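Below: work_15.cif (mmCIF, C-alpha atoms and all ligand atoms)
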data_data
#
loop_
_atom_site.label_atom_id
_atom_site.label_comp_id
_atom_site.auth_asym_id
_atom_site.auth_seq_id
_atom_site.Cartn_x
_atom_site.Cartn_y
_atom_site.Cartn_z
CA MET O 1 65.52 106.92 99.71
CA SER O 2 68.90 105.26 99.33
CA SER O 3 71.10 105.29 102.41
CA ASP O 4 73.85 106.90 100.35
CA ARG O 5 71.80 110.05 99.89
CA THR O 6 71.26 112.52 102.67
CA PRO O 7 67.78 113.72 103.65
CA PHE O 8 69.28 117.07 104.58
CA SER O 9 69.53 120.06 102.33
CA PRO O 10 72.86 120.51 100.54
CA GLN O 11 73.49 123.61 102.65
CA SER O 12 72.97 121.92 106.01
CA ALA O 13 74.78 118.74 104.98
CA SER O 14 77.87 120.68 104.03
CA VAL O 15 78.04 122.46 107.37
CA LYS O 16 79.07 119.41 109.38
CA GLU O 17 82.27 117.43 109.12
CA GLY O 18 80.74 114.33 110.73
CA LYS O 19 83.87 113.52 112.70
CA PRO O 20 83.21 111.12 115.58
CA GLU O 21 84.39 111.84 119.08
CA PRO O 22 87.59 110.03 120.03
CA VAL O 23 87.05 106.67 121.69
CA SER O 24 89.57 105.57 124.31
CA SER O 25 91.72 102.48 123.69
CA LYS O 26 89.83 100.57 126.39
CA GLN O 27 86.47 101.05 124.74
CA PRO O 28 86.50 98.78 121.65
CA ILE O 29 86.52 95.58 123.71
CA GLN O 30 83.39 96.79 125.46
CA TYR O 31 81.63 97.03 122.12
CA TRP O 32 82.67 93.52 121.21
CA LEU O 33 81.54 92.13 124.53
CA GLY O 34 78.53 94.43 125.04
CA PRO O 35 75.86 95.11 126.00
CA PHE O 36 76.25 98.84 125.60
CA SER O 37 73.16 100.96 124.98
CA GLU O 38 71.39 97.71 124.17
CA GLY O 39 67.61 97.88 124.25
CA VAL O 40 64.85 99.88 122.67
CA ILE O 41 63.67 103.36 123.56
CA GLU O 42 60.02 103.51 124.53
CA LYS O 43 58.04 105.63 122.06
CA PRO O 44 61.18 106.56 120.10
CA ASP O 45 61.42 109.63 117.89
CA GLY O 46 63.15 107.58 115.22
CA LEU O 47 63.12 103.82 114.74
CA ALA O 48 64.43 101.48 112.07
CA LYS O 49 64.82 97.76 111.73
CA ILE O 50 66.71 96.23 108.83
CA THR O 51 67.54 92.65 107.97
CA GLY O 52 70.85 92.36 106.17
CA PRO O 53 71.68 90.04 103.26
CA CYS O 54 73.04 87.49 105.77
CA GLY O 55 69.75 87.32 107.68
CA ASP O 56 70.94 89.28 110.73
CA SER O 57 68.47 91.89 111.95
CA MET O 58 69.37 95.19 113.53
CA GLU O 59 67.12 97.75 115.17
CA ILE O 60 68.09 101.27 116.22
CA SER O 61 65.87 103.66 118.15
CA LEU O 62 66.49 107.36 118.74
CA ARG O 63 65.44 110.07 121.14
CA VAL O 64 65.91 113.50 119.58
CA GLU O 65 65.80 116.88 121.27
CA GLY O 66 66.05 119.92 119.09
CA ASN O 67 68.32 118.67 116.33
CA LYS O 68 70.44 116.44 118.57
CA ILE O 69 70.32 112.71 119.25
CA ILE O 70 70.24 112.50 123.03
CA GLU O 71 69.71 108.74 123.25
CA CYS O 72 70.39 105.91 120.84
CA GLN O 73 69.80 102.24 121.55
CA PHE O 74 70.11 99.10 119.49
CA ARG O 75 68.96 95.50 119.36
CA VAL O 76 70.52 92.83 117.20
CA ASP O 77 69.43 89.37 116.25
CA GLY O 78 72.65 88.20 114.72
CA CYS O 79 76.37 87.77 115.06
CA ALA O 80 78.76 89.32 117.58
CA VAL O 81 80.28 91.55 114.91
CA SER O 82 76.95 93.07 113.91
CA ARG O 83 76.18 93.57 117.60
CA ALA O 84 79.48 95.36 118.13
CA CYS O 85 78.88 97.50 115.03
CA ALA O 86 75.38 98.48 116.17
CA SER O 87 76.72 99.30 119.60
CA MET O 88 79.48 101.46 118.14
CA ALA O 89 77.09 103.22 115.77
CA ALA O 90 74.80 104.02 118.71
CA ALA O 91 77.72 105.31 120.78
CA LEU O 92 78.98 107.49 117.93
CA ALA O 93 75.49 108.88 117.22
CA LYS O 94 74.63 109.80 120.78
CA GLY O 95 75.10 113.51 121.39
CA LYS O 96 75.48 114.35 117.72
CA GLU O 97 73.39 116.67 115.58
CA LEU O 98 71.28 114.72 113.08
CA GLU O 99 73.44 115.80 110.15
CA GLU O 100 76.60 114.65 111.93
CA ALA O 101 75.06 111.32 112.85
CA TRP O 102 73.93 110.81 109.25
CA ASP O 103 77.56 111.15 108.17
CA ILE O 104 78.71 108.24 110.36
CA ASP O 105 79.79 105.61 107.89
CA GLU O 106 80.93 102.00 107.93
CA GLY O 107 84.58 103.03 107.81
CA GLN O 108 84.32 105.09 110.99
CA ILE O 109 82.53 102.24 112.76
CA ALA O 110 85.15 99.71 111.66
CA VAL O 111 88.08 101.95 112.64
CA LYS O 112 86.65 102.56 116.10
CA LEU O 113 86.30 98.81 116.56
CA LYS O 114 89.96 98.40 115.58
CA GLY O 115 89.07 96.44 112.48
CA ILE O 116 86.41 94.10 111.18
CA PRO O 117 86.96 90.49 110.02
CA GLU O 118 87.14 90.33 106.23
CA ASP O 119 84.04 88.16 105.96
CA HIS O 120 82.01 90.57 108.13
CA ARG O 121 82.48 93.76 106.17
CA HIS O 122 78.75 94.07 105.66
CA CYS O 123 78.14 94.35 109.44
CA PRO O 124 79.18 98.03 109.79
CA VAL O 125 77.26 98.75 106.57
CA LEU O 126 74.13 97.32 108.18
CA ALA O 127 74.75 99.51 111.25
CA ARG O 128 75.21 102.59 109.06
CA ASP O 129 72.05 101.87 107.09
CA THR O 130 69.95 101.19 110.19
CA LEU O 131 71.10 104.39 111.88
CA ARG O 132 70.41 106.41 108.73
CA GLN O 133 66.98 104.89 108.30
CA ALA O 134 66.09 105.76 111.91
CA ILE O 135 67.18 109.37 111.31
CA GLU O 136 65.23 109.44 108.06
CA LYS O 137 62.11 108.13 109.83
CA TYR O 138 62.39 110.89 112.41
CA ILE O 139 62.70 113.54 109.71
CA LYS O 140 59.78 112.16 107.66
CA ASP O 141 57.53 111.93 110.71
CA ARG O 142 58.13 115.61 111.48
CA GLN O 143 57.06 116.74 108.00
FE1 LIG Q 201 75.38 89.65 109.04
FE2 LIG Q 201 77.18 90.63 110.54
S1 LIG Q 201 77.11 88.58 109.79
S2 LIG Q 201 75.44 91.65 109.84
#
Could you express the structure from this file as C-alpha cells?
Ligand code: FES
Amino acid sequence: MSSDRTPFSPQSASVKEGKPEPVSSKQPIQYWLGPFSEGVIEKPDGLAKITGPCGDSMEISLRVEGNKIIECQFRVDGCAVSRACASMAAALAKGKELEEAWDIDEGQIAVKLKGIPEDHRHCPVLARDTLRQAIEKYIKDRQ
C-alpha cells in the first residue's frame, strides 16, 4: 500500500483532524541534538524499517493500547536531519489515536523542527513513511 493512502476506512479517517499537540519553543533543539525516544521497543506492536533514496535507514517501533500509540521509538542510521525528523515523528505520534498518527505528514514534522534544510526535504518524508508503515504493520497483523 502506498504511504499516501490510509489503511483506515473513509469514515474513521474523516473523523480525526490529525493536528499535532503544540511543541514548546525549547523543544526543537532537543530533537536536533537528540536522543529523544531513541531505541527500539521490545516485541513491538508495529515495526517498520525503511531505507530512503539517500541510503539513510530509519526504524520506528510502536506500542499500541486500544487504538492509541502509547510508546513510539526510533533508530536512525543516517544524517542528523533524518534523526531529528524521526525523533519528532515519534514525539508527535506518542499518545495519538492510530488515525491521528497516520495523518502526521512531512510538513508538520518540518514545521515543528522550525524548518528543514533545502537539500534534506526528503528526511521528514522518510519519517512520515516509516511511521505510516509501522502503523500499517500493526493493523495488518491484527487482521
Ligand atoms: Fe537521507 Fe536525511 S539525508 S534521510
Surrounding residues as a short mmCIF file (atom, residue, chain, number, x, y, z; two decimals) with C-alpha atoms, in the frame of the given file, ligand LIG 201 (chain Q), max 6 Å, only C-alpha atoms and all ligand atoms:
data_model
loop_
_atom_site.label_atom_id
_atom_site.label_comp_id
_atom_site.auth_asym_id
_atom_site.auth_seq_id
_atom_site.Cartn_x
_atom_site.Cartn_y
_atom_site.Cartn_z
CA GLY O 52 70.85 92.36 106.17
CA CYS O 54 73.04 87.49 105.77
CA ASP O 56 70.94 89.28 110.73
CA CYS O 79 76.37 87.77 115.06
CA VAL O 81 80.28 91.55 114.91
CA SER O 82 76.95 93.07 113.91
CA HIS O 120 82.01 90.57 108.13
CA HIS O 122 78.75 94.07 105.66
CA CYS O 123 78.14 94.35 109.44
#
(request) Grab the CA of Arg63 in chain O to CA of Pro44 in chain O distance for me, in Å with one decimal place. (result)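 Those two atoms sit 5.6 Å apart.
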(request) For Gly107 in chain O, please output as a ChimeraX atom specification all residues within 9 Å (counting all atoms listed in the file; exclusion window: fewer than 3 positions along the same chain). (result) /O:104,110-112,124-125
(message) Report, in Å to a single decimal, how far apart CA of Glu59 in chain O and CA of Glu42 in chain O are.
(response)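 Between these atoms lies a distance of 13.1 Å.
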(message) Set the distance at 12 Å and use only C-alpha atoms: which residues neighbour Asp141 in chain O once local chain neighbours fewer than 2 positions away are removed? I'd like the list as a VMD selection string.
(response) chain O and resid 44 to 47 134 to 139 143
(request) Using all atoms listed in the file, find the one residue out of O:Asp105, O:Asp119, O:Gln133, O:Met58 that sits nearest to Arg75 in chain O. (result) O:Met58
(message) Counting all atoms listed in the file, which residue out of O:Leu126, O:Ile109, O:Ala86, O:Ala93 sits closest to Phe36 in chain O?
(response) O:Ala86
(message) Ranking O:Gly55, O:Glu71, O:Gln108, O:Trp32 by minimum distance to Ala90 in chain O and counting all atoms listed in the file, which one comes first?
(response) O:Glu71
(message) Please compute the CA of Cys85 in chain O-CA of Glu65 in chain O distance, one decimal, in Å.
(response)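 For CA of Cys85 in chain O relative to CA of Glu65 in chain O, the distance reads 24.2 Å.
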(message) Using only C-alpha atoms for the distances, tell me which of O:Ala89, O:Leu62, O:Ile41, O:Ile69 is nearest to Ala127 in chain O.
(response)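 Answer, going by the shortest atom-to-atom distance: O:Ala89.
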